[in-house]
Structure formats: C-alpha cells, structure tokens
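**Q** Structure file query-v8.tsv (TSV, C-alpha atoms) right here:
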```tsv
chain	number	residue	atom	x	y	z
A	295	MET	CA	21.26	-2.89	25.36
A	296	LEU	CA	24.68	-1.28	25.03
A	297	CYS	CA	23.69	-0.05	21.59
A	298	LEU	CA	20.57	1.56	23.02
A	299	ALA	CA	22.59	3.15	25.80
A	300	ARG	CA	25.05	4.63	23.31
A	301	ARG	CA	22.13	6.17	21.45
A	302	GLY	CA	20.89	7.90	24.57
A	303	TYR	CA	18.13	5.50	25.60
A	304	HIS	CA	17.81	4.61	29.27
A	305	VAL	CA	18.41	0.90	29.77
A	306	GLY	CA	17.43	-0.64	33.07
A	307	ILE	CA	18.91	-4.04	33.92
A	308	ARG	CA	17.25	-6.11	36.60
A	309	ASN	CA	19.93	-7.78	38.74
A	310	PHE	CA	17.74	-10.20	40.70
A	311	ALA	CA	16.82	-13.51	39.05
A	312	SER	CA	14.80	-16.23	40.77
A	313	ALA	CA	15.66	-19.90	40.44
A	314	ALA	CA	12.66	-20.33	38.12
A	315	GLN	CA	13.84	-17.47	35.91
A	316	THR	CA	17.36	-18.89	35.78
A	317	GLN	CA	15.93	-22.24	34.69
A	318	LEU	CA	13.81	-20.50	32.04
A	319	LYS	CA	16.84	-18.70	30.62
A	320	GLU	CA	18.76	-21.98	30.39
A	321	ILE	CA	15.92	-23.71	28.58
A	322	LEU	CA	15.47	-20.84	26.13
A	323	SER	CA	19.21	-20.51	25.52
A	324	GLN	CA	19.40	-24.17	24.57
A	325	GLN	CA	16.55	-23.77	22.09
A	326	LEU	CA	18.26	-20.74	20.55
A	327	LYS	CA	21.53	-22.66	20.20
A	328	GLU	CA	19.71	-25.45	18.37
A	329	ILE	CA	18.26	-22.93	15.93
A	330	GLU	CA	21.69	-21.38	15.37
A	331	ASN	CA	23.34	-24.78	14.85
A	332	ALA	CA	20.70	-25.66	12.26
A	333	GLY	CA	21.59	-22.52	10.33
A	334	THR	CA	18.03	-21.16	10.54
A	335	TYR	CA	18.52	-18.37	13.09
A	336	LYS	CA	16.85	-15.24	11.76
A	337	THR	CA	18.42	-11.83	12.26
A	338	GLU	CA	16.46	-8.64	11.66
A	339	ARG	CA	18.13	-6.07	9.48
A	340	ILE	CA	17.47	-2.51	10.58
A	341	ILE	CA	16.05	-0.15	7.95
A	342	THR	CA	16.80	3.50	8.64
A	343	SER	CA	14.56	5.01	5.97
A	344	ALA	CA	10.99	4.81	4.73
A	345	GLN	CA	9.80	1.64	2.99
A	346	LYS	CA	10.60	2.56	-0.60
A	347	THR	CA	12.23	0.96	-3.63
A	348	SER	CA	15.58	2.35	-2.48
A	349	ILE	CA	16.17	2.04	1.25
A	350	SER	CA	18.91	2.69	3.80
A	351	VAL	CA	20.02	-0.28	5.90
A	352	ALA	CA	22.05	-0.09	9.09
A	353	GLY	CA	25.58	-1.27	8.35
A	354	SER	CA	25.41	-0.45	4.66
A	355	GLU	CA	27.15	2.75	3.58
A	356	THR	CA	24.98	3.34	0.51
A	357	PRO	CA	21.25	2.87	-0.19
A	358	VAL	CA	20.17	-0.52	-1.53
A	359	LEU	CA	17.35	-1.69	-3.81
A	360	ASN	CA	14.55	-3.35	-1.89
A	361	PHE	CA	13.32	-6.59	-3.44
A	362	CYS	CA	11.70	-8.32	-0.49
A	363	ALA	CA	8.87	-6.06	0.74
A	364	ASN	CA	5.14	-6.68	0.37
A	365	ASN	CA	4.90	-3.14	-1.00
A	366	TYR	CA	3.43	-4.48	-4.24
A	367	LEU	CA	2.05	-1.20	-5.58
A	368	GLY	CA	4.81	1.03	-4.22
A	369	LEU	CA	2.29	3.00	-2.15
A	370	ALA	CA	3.94	2.67	1.27
A	371	TYR	CA	5.68	6.00	0.65
A	372	ASN	CA	3.37	7.85	-1.70
A	373	LYS	CA	3.39	11.62	-1.17
A	374	ASP	CA	-0.33	12.10	-1.92
A	375	ILE	CA	-1.26	9.34	0.50
A	376	ILE	CA	1.03	10.73	3.19
A	377	SER	CA	-0.47	14.20	2.76
A	378	TYR	CA	-4.02	12.88	3.07
A	379	SER	CA	-3.10	10.75	6.09
A	380	LYS	CA	-1.65	13.83	7.80
A	381	LYS	CA	-4.96	15.66	7.34
A	382	ILE	CA	-6.81	12.72	8.86
A	383	LEU	CA	-4.34	12.69	11.78
A	384	GLU	CA	-4.90	16.39	12.44
A	385	LYS	CA	-8.70	16.03	12.29
A	386	TYR	CA	-9.21	12.75	14.18
A	387	GLY	CA	-6.04	12.38	16.28
A	388	GLY	CA	-3.72	9.43	16.74
A	389	GLY	CA	-6.32	6.93	17.90
A	390	ALA	CA	-9.82	6.44	19.28
A	391	SER	CA	-8.60	4.85	22.54
A	392	SER	CA	-11.45	2.39	22.40
A	393	VAL	CA	-13.04	-0.62	20.77
A	394	ARG	CA	-15.61	-0.12	18.04
A	395	PHE	CA	-18.86	-0.78	19.90
A	396	ILE	CA	-18.02	1.57	22.79
A	397	CYS	CA	-16.74	4.76	21.20
A	398	GLY	CA	-14.22	3.56	18.64
A	399	THR	CA	-16.25	3.87	15.43
A	400	GLN	CA	-15.66	7.07	13.47
A	401	ASP	CA	-17.17	8.07	10.16
A	402	ILE	CA	-13.88	7.34	8.40
A	403	HIS	CA	-14.09	3.69	9.51
A	404	LYS	CA	-17.49	3.37	7.88
A	405	GLU	CA	-16.21	5.17	4.77
A	406	LEU	CA	-13.32	2.74	4.41
A	407	GLU	CA	-15.55	-0.29	4.94
A	408	ALA	CA	-17.90	0.98	2.23
A	409	LYS	CA	-15.05	1.48	-0.24
A	410	ILE	CA	-13.61	-1.96	0.43
A	411	SER	CA	-17.06	-3.46	-0.17
A	412	GLN	CA	-17.32	-1.52	-3.43
A	413	PHE	CA	-13.86	-2.66	-4.53
A	414	HIS	CA	-14.60	-6.33	-3.88
A	415	GLN	CA	-18.23	-6.03	-5.03
A	416	ARG	CA	-19.54	-7.37	-1.71
A	417	GLU	CA	-22.41	-6.38	0.56
A	418	ASP	CA	-20.49	-5.29	3.65
A	419	THR	CA	-17.08	-5.22	5.33
A	420	ILE	CA	-15.71	-5.28	8.89
A	421	LEU	CA	-12.27	-3.90	9.81
A	422	TYR	CA	-9.73	-5.56	12.11
A	423	ALA	CA	-6.34	-4.56	13.51
A	424	SER	CA	-4.77	-7.09	11.11
A	425	CYS	CA	-5.74	-9.92	8.80
A	426	PHE	CA	-4.29	-12.25	11.43
A	427	ASP	CA	-7.06	-10.96	13.68
A	428	ALA	CA	-9.63	-11.28	10.91
A	429	ASN	CA	-8.66	-14.93	10.46
A	430	ALA	CA	-8.66	-15.45	14.22
A	431	GLY	CA	-12.12	-13.93	14.53
A	432	ILE	CA	-14.25	-15.55	11.85
A	433	PHE	CA	-14.21	-19.35	12.14
A	434	GLU	CA	-15.19	-19.52	15.80
A	435	VAL	CA	-18.23	-17.36	15.05
A	436	LEU	CA	-19.23	-18.99	11.76
A	437	LEU	CA	-18.75	-22.70	12.46
A	438	THR	CA	-20.32	-25.01	15.06
A	439	PRO	CA	-19.60	-28.64	16.04
A	440	GLU	CA	-22.21	-29.64	13.45
A	441	ASP	CA	-20.14	-28.11	10.63
A	442	ALA	CA	-17.04	-29.16	8.70
A	443	VAL	CA	-14.12	-27.13	7.38
A	444	PHE	CA	-11.64	-28.16	4.67
A	445	SER	CA	-8.31	-26.34	4.69
A	446	ASP	CA	-5.38	-26.47	2.25
A	447	GLU	CA	-2.34	-27.88	4.05
A	448	LEU	CA	-0.21	-24.84	3.11
A	449	ASN	CA	-2.64	-22.18	4.27
A	450	HIS	CA	-1.20	-19.26	6.23
A	451	ALA	CA	-0.44	-19.68	9.94
A	452	SER	CA	-3.20	-17.23	10.85
A	453	ILE	CA	-5.78	-19.47	9.16
A	454	ILE	CA	-4.41	-22.50	11.00
A	455	ASP	CA	-4.59	-20.69	14.34
A	456	GLY	CA	-8.07	-19.36	13.58
A	457	LEU	CA	-9.37	-22.83	12.75
A	458	ARG	CA	-8.02	-24.19	16.03
A	459	LEU	CA	-10.44	-21.89	17.85
A	460	CYS	CA	-13.56	-23.30	16.21
A	461	LYS	CA	-15.31	-26.59	17.10
A	462	ALA	CA	-16.14	-27.73	13.59
A	463	LYS	CA	-14.76	-31.02	12.26
A	464	LYS	CA	-11.46	-30.11	10.58
A	465	GLU	CA	-10.08	-31.71	7.44
A	466	ARG	CA	-6.76	-30.78	5.86
A	467	TYR	CA	-6.42	-31.54	2.16
A	468	LEU	CA	-3.20	-31.88	0.18
A	469	HIS	CA	-1.92	-28.64	-1.33
A	470	ARG	CA	-4.02	-27.68	-4.38
A	471	ASN	CA	-5.06	-31.34	-4.70
A	472	MET	CA	-8.66	-31.41	-5.86
A	473	GLU	CA	-8.96	-35.21	-5.77
A	474	ASP	CA	-8.08	-35.21	-2.07
A	475	LEU	CA	-10.46	-32.32	-1.39
A	476	GLU	CA	-13.30	-34.10	-3.18
A	477	GLU	CA	-12.76	-37.30	-1.22
A	478	LYS	CA	-13.02	-35.40	2.03
A	479	LEU	CA	-16.07	-33.42	0.91
A	480	LYS	CA	-17.79	-36.60	-0.25
A	481	ALA	CA	-17.25	-38.32	3.11
A	482	SER	CA	-18.41	-35.33	5.18
A	483	THR	CA	-21.78	-35.23	6.93
A	484	GLY	CA	-21.36	-31.67	8.15
A	485	ARG	CA	-24.41	-29.39	8.27
A	486	MET	CA	-22.42	-26.59	6.66
A	487	LYS	CA	-19.22	-27.19	4.72
A	488	LEU	CA	-16.56	-24.50	4.31
A	489	ILE	CA	-13.57	-24.78	1.96
A	490	VAL	CA	-10.73	-22.54	3.16
A	491	THR	CA	-7.80	-21.52	0.98
A	492	ASP	CA	-5.24	-18.81	0.43
A	493	GLY	CA	-5.81	-17.14	-2.93
A	494	VAL	CA	-2.03	-16.91	-3.38
A	495	PHE	CA	0.31	-18.94	-1.17
A	496	SER	CA	2.93	-16.51	0.08
A	497	MET	CA	5.98	-18.80	0.28
A	498	ASP	CA	5.67	-20.25	-3.22
A	499	GLY	CA	3.63	-17.73	-5.21
A	500	ASN	CA	1.24	-20.55	-6.17
A	501	VAL	CA	-2.35	-19.64	-7.01
A	502	ALA	CA	-5.34	-21.55	-5.67
A	503	PRO	CA	-7.21	-23.53	-8.40
A	504	LEU	CA	-10.42	-21.60	-7.90
A	505	PRO	CA	-12.35	-22.92	-10.93
A	506	GLU	CA	-12.04	-26.48	-9.64
A	507	ILE	CA	-12.70	-25.42	-6.03
A	508	PHE	CA	-15.91	-23.66	-7.02
A	509	GLN	CA	-17.04	-26.69	-9.03
A	510	LEU	CA	-16.57	-28.91	-5.99
A	511	ALA	CA	-18.29	-26.35	-3.77
A	512	ASP	CA	-21.34	-26.40	-6.04
A	513	LYS	CA	-21.31	-30.21	-6.25
A	514	TYR	CA	-21.15	-30.73	-2.48
A	515	ASN	CA	-23.08	-27.64	-1.33
A	516	ALA	CA	-20.07	-25.99	0.28
A	517	LEU	CA	-19.05	-22.39	0.91
A	518	VAL	CA	-15.67	-20.97	-0.13
A	519	PHE	CA	-13.47	-18.75	2.06
A	520	LEU	CA	-10.58	-16.94	0.38
A	521	ASP	CA	-7.59	-15.26	2.05
A	522	GLU	CA	-6.43	-12.60	-0.41
A	523	CYS	CA	-3.54	-10.97	1.47
A	524	HIS	CA	-1.12	-11.59	-1.41
A	525	ALA	CA	-3.56	-10.70	-4.17
A	526	THR	CA	-5.71	-7.72	-3.17
A	527	GLY	CA	-4.97	-4.54	-5.07
A	528	PHE	CA	-2.55	-5.87	-7.69
A	529	PHE	CA	-3.39	-9.40	-8.89
A	530	GLY	CA	-5.78	-9.73	-11.80
A	531	ASP	CA	-6.47	-7.21	-14.55
A	532	THR	CA	-7.76	-4.52	-12.18
A	533	GLY	CA	-6.20	-5.78	-8.94
A	534	ARG	CA	-9.34	-7.47	-7.65
A	535	GLY	CA	-7.39	-10.58	-6.75
A	536	THR	CA	-7.47	-14.29	-7.40
A	537	GLU	CA	-11.12	-14.38	-8.42
A	538	GLU	CA	-10.45	-11.86	-11.18
A	539	PHE	CA	-7.24	-13.67	-12.20
A	540	HIS	CA	-9.39	-16.74	-12.93
A	541	GLY	CA	-12.24	-14.73	-14.49
A	542	LEU	CA	-14.58	-15.58	-11.60
A	543	MET	CA	-15.15	-12.20	-9.98
A	544	GLY	CA	-17.63	-12.26	-7.10
A	545	ARG	CA	-17.76	-16.04	-6.76
A	546	ALA	CA	-16.14	-16.54	-3.33
A	547	ASP	CA	-18.54	-16.43	-0.40
A	548	ILE	CA	-16.14	-14.79	2.07
A	549	ILE	CA	-12.91	-12.84	1.57
A	550	ASN	CA	-10.39	-11.89	4.22
A	551	SER	CA	-7.51	-9.60	3.32
A	552	THR	CA	-5.02	-7.04	4.60
A	553	LEU	CA	-4.37	-3.31	4.42
A	554	GLY	CA	-0.73	-3.87	5.36
A	555	LYS	CA	0.72	-5.03	2.03
A	556	ALA	CA	-0.35	-3.57	-1.32
A	557	LEU	CA	-2.93	-1.25	0.24
A	558	GLY	CA	-0.53	1.28	1.73
A	559	GLY	CA	1.78	-0.94	3.78
A	560	ALA	CA	0.53	0.21	7.19
A	561	SER	CA	-1.63	-2.28	9.10
A	562	GLY	CA	-5.17	-3.53	9.37
A	563	GLY	CA	-7.27	-6.30	7.89
A	564	TYR	CA	-10.87	-7.04	7.05
A	565	THR	CA	-13.60	-9.54	6.25
A	566	THR	CA	-15.92	-8.75	3.35
A	567	GLY	CA	-18.97	-10.74	2.33
A	568	PRO	CA	-22.70	-11.16	3.08
A	569	LYS	CA	-24.21	-8.47	5.27
A	570	GLU	CA	-25.61	-11.04	7.70
A	571	LEU	CA	-22.14	-12.47	8.30
A	572	ILE	CA	-20.62	-9.04	8.90
A	573	ASP	CA	-23.42	-8.16	11.31
A	574	LEU	CA	-22.81	-11.37	13.26
A	575	LEU	CA	-19.06	-10.73	13.41
A	576	ARG	CA	-19.73	-7.29	14.90
A	577	GLN	CA	-21.72	-9.03	17.64
A	578	LYS	CA	-19.47	-12.00	18.42
A	579	SER	CA	-15.96	-11.78	16.88
A	580	ARG	CA	-13.54	-11.55	19.79
A	581	PRO	CA	-10.60	-9.77	18.06
A	582	TYR	CA	-13.09	-7.12	16.88
A	583	LEU	CA	-14.88	-6.73	20.21
A	584	PHE	CA	-11.77	-6.66	22.40
A	585	SER	CA	-9.20	-4.76	20.29
A	586	ASN	CA	-8.90	-1.03	19.78
A	587	THR	CA	-10.13	0.28	16.46
A	588	LEU	CA	-7.73	1.08	13.64
A	589	PRO	CA	-6.03	4.46	14.22
A	590	PRO	CA	-7.19	7.33	11.97
A	591	PRO	CA	-3.88	7.82	10.08
A	592	VAL	CA	-3.94	4.15	9.06
A	593	VAL	CA	-7.56	4.44	7.99
A	594	GLY	CA	-6.73	7.58	6.02
A	595	THR	CA	-3.92	5.76	4.21
A	596	ALA	CA	-6.24	2.92	3.21
A	597	ILE	CA	-9.03	5.30	2.08
A	598	LYS	CA	-6.64	7.12	-0.24
A	599	VAL	CA	-5.29	3.84	-1.64
A	600	MET	CA	-8.83	2.65	-2.30
A	601	ASP	CA	-9.55	5.88	-4.16
A	602	ILE	CA	-6.52	5.23	-6.37
A	603	LEU	CA	-7.52	1.63	-7.10
A	604	LEU	CA	-11.15	2.48	-7.79
A	605	SER	CA	-10.12	5.09	-10.34
A	606	SER	CA	-7.28	3.36	-12.23
A	607	SER	CA	-5.70	-0.03	-12.97
A	608	ASP	CA	-2.35	1.37	-14.11
A	609	LEU	CA	-0.43	0.03	-11.12
A	610	SER	CA	-1.68	-3.55	-11.47
A	611	ARG	CA	-0.68	-3.49	-15.14
A	612	LYS	CA	2.77	-2.13	-14.25
A	613	ILE	CA	3.49	-4.82	-11.68
A	614	LYS	CA	2.54	-7.50	-14.20
A	615	ARG	CA	5.06	-6.11	-16.69
A	616	ASN	CA	7.75	-5.96	-14.01
A	617	THR	CA	7.00	-9.53	-12.92
A	618	ASP	CA	7.27	-10.81	-16.49
A	619	GLN	CA	10.61	-9.02	-16.93
A	620	PHE	CA	12.10	-10.49	-13.75
A	621	ARG	CA	10.89	-14.06	-14.24
A	622	THR	CA	12.00	-14.14	-17.88
A	623	GLY	CA	15.44	-12.71	-17.08
A	624	MET	CA	16.07	-15.04	-14.15
A	625	ALA	CA	15.05	-18.14	-16.11
A	626	LYS	CA	17.39	-17.09	-18.93
A	627	ALA	CA	20.22	-16.72	-16.38
A	628	GLY	CA	19.71	-20.32	-15.29
A	629	PHE	CA	17.82	-19.97	-12.00
A	630	SER	CA	14.89	-22.11	-10.91
A	631	LEU	CA	11.88	-20.02	-9.83
A	632	ALA	CA	8.73	-21.28	-8.14
A	633	GLY	CA	5.30	-19.70	-8.41
A	634	MET	CA	2.72	-18.97	-11.08
A	635	ASN	CA	3.43	-15.64	-12.78
A	636	HIS	CA	2.91	-13.82	-9.49
A	637	PRO	CA	5.07	-10.95	-8.12
A	638	ILE	CA	6.23	-13.37	-5.41
A	639	CYS	CA	9.21	-14.93	-7.18
A	640	PRO	CA	10.93	-17.60	-5.04
A	641	VAL	CA	14.46	-18.33	-6.27
A	642	MET	CA	14.91	-21.94	-5.18
A	643	LEU	CA	18.24	-22.87	-3.58
A	644	GLY	CA	17.42	-25.84	-1.33
A	645	ASP	CA	20.05	-25.45	1.39
A	646	ALA	CA	19.26	-23.18	4.36
A	647	LYS	CA	22.81	-21.95	4.93
A	648	LEU	CA	23.28	-21.32	1.21
A	649	ALA	CA	20.14	-19.16	1.18
A	650	SER	CA	21.44	-17.12	4.13
A	651	VAL	CA	24.90	-16.64	2.59
A	652	PHE	CA	23.35	-15.82	-0.79
A	653	ALA	CA	21.20	-13.06	0.73
A	654	ASN	CA	24.20	-11.57	2.54
A	655	GLU	CA	26.23	-11.50	-0.69
A	656	MET	CA	23.33	-9.83	-2.50
A	657	LEU	CA	23.30	-7.07	0.12
A	658	LYS	CA	26.97	-6.42	-0.62
A	659	LYS	CA	25.93	-5.80	-4.22
A	660	GLY	CA	23.23	-3.34	-3.17
A	661	ILE	CA	20.21	-5.66	-3.38
A	662	TYR	CA	18.12	-6.26	-0.27
A	663	VAL	CA	16.63	-9.78	-0.24
A	664	ILE	CA	16.09	-12.35	2.52
A	665	GLY	CA	16.74	-16.08	2.65
A	666	PHE	CA	13.78	-18.23	3.73
A	667	SER	CA	14.33	-21.58	5.41
A	668	PHE	CA	12.71	-23.99	7.87
A	669	PRO	CA	10.37	-23.53	9.73
A	670	VAL	CA	9.06	-20.78	7.44
A	671	VAL	CA	9.34	-23.20	4.49
A	672	PRO	CA	9.81	-27.01	4.47
A	673	LYS	CA	13.25	-28.48	5.07
A	674	GLY	CA	15.25	-28.78	1.86
A	675	LYS	CA	13.27	-26.03	0.14
A	676	ALA	CA	15.15	-22.92	1.24
A	677	ARG	CA	14.90	-20.00	-1.15
A	678	ILE	CA	15.36	-16.30	-1.72
A	679	ARG	CA	11.83	-14.93	-1.99
A	680	VAL	CA	12.02	-11.94	-4.33
A	681	GLN	CA	8.99	-9.65	-4.37
A	682	ILE	CA	8.39	-7.36	-7.30
A	683	SER	CA	6.78	-3.92	-6.96
A	684	ALA	CA	5.07	-1.63	-9.41
A	685	ALA	CA	7.53	1.01	-8.19
A	686	HIS	CA	10.55	-0.88	-9.55
A	687	SER	CA	11.93	0.48	-12.80
A	688	GLU	CA	13.16	-1.69	-15.68
A	689	GLU	CA	16.69	-0.70	-14.71
A	690	ASP	CA	16.08	-1.76	-11.08
A	691	ILE	CA	14.99	-5.21	-12.20
A	692	LYS	CA	17.88	-5.54	-14.65
A	693	ARG	CA	20.32	-4.65	-11.85
A	694	CYS	CA	18.76	-7.23	-9.55
A	695	ILE	CA	19.06	-9.99	-12.18
A	696	GLU	CA	22.70	-9.07	-12.78
A	697	ALA	CA	23.45	-9.25	-9.04
A	698	PHE	CA	21.75	-12.65	-8.78
A	699	SER	CA	23.80	-13.89	-11.72
A	700	ASP	CA	27.08	-12.67	-10.21
A	701	VAL	CA	26.38	-14.20	-6.79
A	702	GLY	CA	24.95	-17.36	-8.36
A	703	ARG	CA	28.19	-17.97	-10.26
A	704	GLN	CA	30.27	-17.07	-7.19
A	705	LEU	CA	28.46	-19.65	-5.04
A	706	GLY	CA	28.19	-22.29	-7.74
A	707	VAL	CA	24.42	-22.10	-8.08
A	708	ILE	CA	24.54	-21.40	-11.84
A	709	GLN	CA	27.24	-21.81	-14.50
```
Could you render the structure as structure tokens?

**A**
Amino acid sequence: MLCLARRGYHVGIRNFASAAQTQLKEILSQQLKEIENAGTYKTERIITSAQKTSISVAGSETPVLNFCANNYLGLAYNKDIISYSKKILEKYGGGASSVRFICGTQDIHKELEAKISQFHQREDTILYASCFDANAGIFEVLLTPEDAVFSDELNHASIIDGLRLCKAKKERYLHRNMEDLEEKLKASTGRMKLIVTDGVFSMDGNVAPLPEIFQLADKYNALVFLDECHATGFFGDTGRGTEEFHGLMGRADIINSTLGKALGGASGGYTTGPKELIDLLRQKSRPYLFSNTLPPPVVGTAIKVMDILLSSSDLSRKIKRNTDQFRTGMAKAGFSLAGMNHPICPVMLGDAKLASVFANEMLKKGIYVIGFSFPVVPKGKARIRVQISAAHSEEDIKRCIEAFSDVGRQLGVIQ
C-alpha cells in the first residue's frame, strides 16, 4: 500500500475490524506462514514492459531475457498484430458490455470462430473468456449421470474443476498409463464414455499417447476430449497440435484450447468440434451464457494470429529448431530435463528451496525463469520450467544455457 501511495495512487485503509474479521486474518496469516516455512511461497515479479523476448523487470537495472512465458510464437508483441487490433478497437470499441445471446455477438466473433474451425478442421467453434471457462462449461452440459468420464490424473486444474460440476461417473487413470485406462473402460457400463486428456501436460512437457488412446476409444466405443492449450499454434509440423504431432489430424472428437498462449498472448478460449455440440453449448453452457463476450481488441489479435498460422508454418518450424538447440545444449552441460521434445523444458532440481534460489541467481545473470514447486508440482519434483519461443535467437538460447551452467556449478547441481 505504501508503494502505491508513493506512486500517486489513493490508498484507503479501513480502520474498523469485526471480531470475525480479526479471526479470519489470524487463520489466513497462519496458513501463509506455513507456506513460507515450507519454502513454497510464491512472489510475483513485476514486469514493466511488454511481453517480449527481452523484458524489463522491477528491481533489475537492465533488461533480461524471458524464458518462462507461454509466448510460444513470439506474437504477444507483434507490430502487425498490434496495428490490426488497434483498428478493431477503434471500430468496435473496448467491449460489448453484454453476454453473447443478448447483444454481445459481433461479426468479428463469428469470423474468429470460423477461422478457428478452419484451422482445426472442425465443424464449428464457440468462444469463451478463457480455456478455464471452456473446461468449466462443457462437461456439465455433455455428460449425464448415465455417462462415464475417464481423466488422466495429471490433467490441468481447469479440467478437474470442470469435471466436478458434471454428474457422470468419474474415473481417474494413472498418468499416460494405457493399461489402467483400459481396465477402467472395460469395467464401465456408462451410456456414453468420454476419455479426457491434456494433449501436452504443462508441468512436464509430456505428450499424451494419442495413438493408444484412440485405439482404446475405438475398442470401447468412447469419445476423446483433448485440451490443447500447450500445443495449439506451434506443436506439430504446421502447429495443429498433438493430433498432428502423432500424424492423426482430425481424430479427436472435441478440442478445447486457449487464445492466451501461442495465439497472441491475450486471453480467451474455445471449444471446437461437432456442430451439434457447439449449438448445445450455446444453449446451456453457463460460463458462455453468463459471462461477457470477448472484447474486440482481443478478438482482433486472435484473428490476425489465425491469418498468420493459416498462411505459413515458418514459426512452428522455428520453435522446433530452438527447442532442439536448448535441449541438446542443456543435456550436454549435465542437466536433467523432463518432457518429450516440447518447448516446455523442465530442468529438474528436486528441492523446492533450491529451485527458488536457482531462479533468483538466474535473474542476476539476466535470465528470467521461475522455480516451480509444490503444490504446482508434486513434492520432491521441483524444477525450473524453461519455455522456448520462436522469437528467441540462437544467441539468446546459447546465453541461457551458459547462465544455467554457471549457476548450476555455483549451487552444486552440475560438475
């Protein structure tokens, strides 16, 4: 608050506190102390520039290289996209001030949905404020108590929360374990069976075994739902995601994904799939019906990104080269990396406090990375999750590897 006051912001402090509020503060303070004592308290670094490869961070005198953003294609600060988004802002304003079915649907929303459908080669698409909302909105509509859903144990939190809202019988199978999935499918008597998986698991960079999943889906008459937030736009030969990576384009029944990572870095999410499903979601999906529509500048950003992806695959090829360079260099330096040739490159350290100290030392060397620890990842599996971008140069990646090597030797992680 003092910092805000110094910067000229008005800060109002309420002096009165009820007994209940005092009790609340004591309870919350104790929980915060426990997090701090465990070494897993998360502080938010303040970025004072646009989300680019080189960024300015509060407290750092010089710009640093950003190696932890989901800006996979480097399009979060693309001048052509910004220029187009400004035109959309001037024409349509800052927002529609409404939900879609009242007066919140503009022609640009329909244009974006059509382009997403074209990109994924699906029948139709529905936009949401985020992919978290898309995952919160689909399962309750699609599944009934007569149905069964089978979810990978490491699926994203938004999938877990979305599944809690539906009344289908829920089965959680071991991570990427097809024997466990088959056992659960075989025992199920559900009217409709739905296998739910992330295409790429964001903490580890692991890829779902889609060929085996589709075989089981065919064998047990099940549908397949794919969350492609960490694949859309850059994974696979033309950026079509995990399906394309496995050579199985168009096979998944339903895809949910985000506009807030590779596709411009703003916000928004979507479901794409059969027209009948999209029509039903427009009628019954609560996050769609009760949330304002995506603001025009965000829609404009995503439209321009889609135009780029539909016309060229250069960026997806560039990020693959950058990923290969980083993974090869880090392995040669002696680090242990998780993941499966994906731009998410977790540098495994194990200890939570070590990961936090390591990230702080990297910042001193001009490299912005973040340590991940429990509860974001399991206990004992703390790591620095490096994320490669198509906007990184070969020199950027070389500098990052050198910094990791210096800090790794300093902290005794490598020889």

**Q** Considering all atoms listed in the file, state which residue in the set A:Pro591, A:Thr334, A:Phe652, A:Glu355 is at the smallest distance from Gly674 in chain A.

**A**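 Closest to Gly674 in chain A of all the choices is A:Thr334.
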
**Q** I want to know what sits within 12 Å of Ser411 in chain A, based on all atoms listed in the file, with residues of the same chain fewer than 2 positions away left out; could you give that as a PyMOL selection string?

**A** chain A and resi 404-409+413-421+534+544+548-551+564-569+572+600+604

**Q** May I have the selected residues written with C-alpha atoms, as a PDB file, keeping the file's coordinate frame?

**A**
```pdb
ATOM      1  CA  LYS A 404     -17.490   3.370   7.880  1.00  0.00           C
ATOM      2  CA  GLU A 405     -16.210   5.170   4.770  1.00  0.00           C
ATOM      3  CA  LEU A 406     -13.320   2.740   4.410  1.00  0.00           C
ATOM      4  CA  GLU A 407     -15.550  -0.290   4.940  1.00  0.00           C
ATOM      5  CA  ALA A 408     -17.900   0.980   2.230  1.00  0.00           C
ATOM      6  CA  LYS A 409     -15.050   1.480  -0.240  1.00  0.00           C
ATOM      7  CA  PHE A 413     -13.860  -2.660  -4.530  1.00  0.00           C
ATOM      8  CA  HIS A 414     -14.600  -6.330  -3.880  1.00  0.00           C
ATOM      9  CA  GLN A 415     -18.230  -6.030  -5.030  1.00  0.00           C
ATOM     10  CA  ARG A 416     -19.540  -7.370  -1.710  1.00  0.00           C
ATOM     11  CA  GLU A 417     -22.410  -6.380   0.560  1.00  0.00           C
ATOM     12  CA  ASP A 418     -20.490  -5.290   3.650  1.00  0.00           C
ATOM     13  CA  THR A 419     -17.080  -5.220   5.330  1.00  0.00           C
ATOM     14  CA  ILE A 420     -15.710  -5.280   8.890  1.00  0.00           C
ATOM     15  CA  LEU A 421     -12.270  -3.900   9.810  1.00  0.00           C
ATOM     16  CA  ARG A 534      -9.340  -7.470  -7.650  1.00  0.00           C
ATOM     17  CA  GLY A 544     -17.630 -12.260  -7.100  1.00  0.00           C
ATOM     18  CA  ILE A 548     -16.140 -14.790   2.070  1.00  0.00           C
ATOM     19  CA  ILE A 549     -12.910 -12.840   1.570  1.00  0.00           C
ATOM     20  CA  ASN A 550     -10.390 -11.890   4.220  1.00  0.00           C
ATOM     21  CA  SER A 551      -7.510  -9.600   3.320  1.00  0.00           C
ATOM     22  CA  TYR A 564     -10.870  -7.040   7.050  1.00  0.00           C
ATOM     23  CA  THR A 565     -13.600  -9.540   6.250  1.00  0.00           C
ATOM     24  CA  THR A 566     -15.920  -8.750   3.350  1.00  0.00           C
ATOM     25  CA  GLY A 567     -18.970 -10.740   2.330  1.00  0.00           C
ATOM     26  CA  PRO A 568     -22.700 -11.160   3.080  1.00  0.00           C
ATOM     27  CA  LYS A 569     -24.210  -8.470   5.270  1.00  0.00           C
ATOM     28  CA  ILE A 572     -20.620  -9.040   8.900  1.00  0.00           C
ATOM     29  CA  MET A 600      -8.830   2.650  -2.300  1.00  0.00           C
ATOM     30  CA  LEU A 604     -11.150   2.480  -7.790  1.00  0.00           C
TER      31      LEU A 604
END
```

**Q** Please provide as number ranges by chain all residues within 9 Å of range 631-648 of chain A, with the sequence filter that same-chain residues fewer than 4 positions apart are discarded (counting all atoms listed in the file).

**A** A: 332-334, 362, 364, 366, 494-501, 524-525, 529, 613-614, 616-618, 620-621, 624-625, 652-653, 665-668, 673-683, 705, 707

**Q** Using only C-alpha atoms, pick whichever of A:Val443, A:Leu583, A:Val701, A:Gln709 has the shortest atom-to-atom distance to Ile396 in chain A.

**A** A:Leu583

**Q** For a quick check of understanding, using only C-alpha atoms, which of A:Leu383, A:Leu571, A:Ala684, A:Leu369 has the smallest distance to Ile602 in chain A?

**A**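 That would be A:Leu369, the residue with the smallest distance to Ile602 in chain A.
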
**Q** Any idea what the distance is between CA of Ile708 in chain A and CA of Phe629 in chain A?

**A**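 Separating CA of Ile708 in chain A from CA of Phe629 in chain A is a distance of 6.9 Å.
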
**Q** Quick check, in Å to one decimal: how far apart do CA of Ala314 in chain A and CA of Asn331 in chain A lie?

**A**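 Taking CA of Ala314 in chain A as the start and CA of Asn331 in chain A as the end point, the length is 26.0 Å.
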
**Q** Which residues, written as a PyMOL selection string, have at least one atom at most 12 Å from Pro357 in chain A, with all atoms listed in the file counted and residues fewer than 5 positions away on the same chain left out?

**A** chain A and resi 341-352+657-662

**Q** Identify, on the basis of all atoms listed in the file, every residue whose closest approach to Arg693 in chain A does not exceed 12 Å; exclude the query and any residue fewer than 2 positions from it along the same chain; express the result as a ChimeraX atom specification.

**A** /A:358-361,619-620,623-624,656,659-662,686-691,695-700
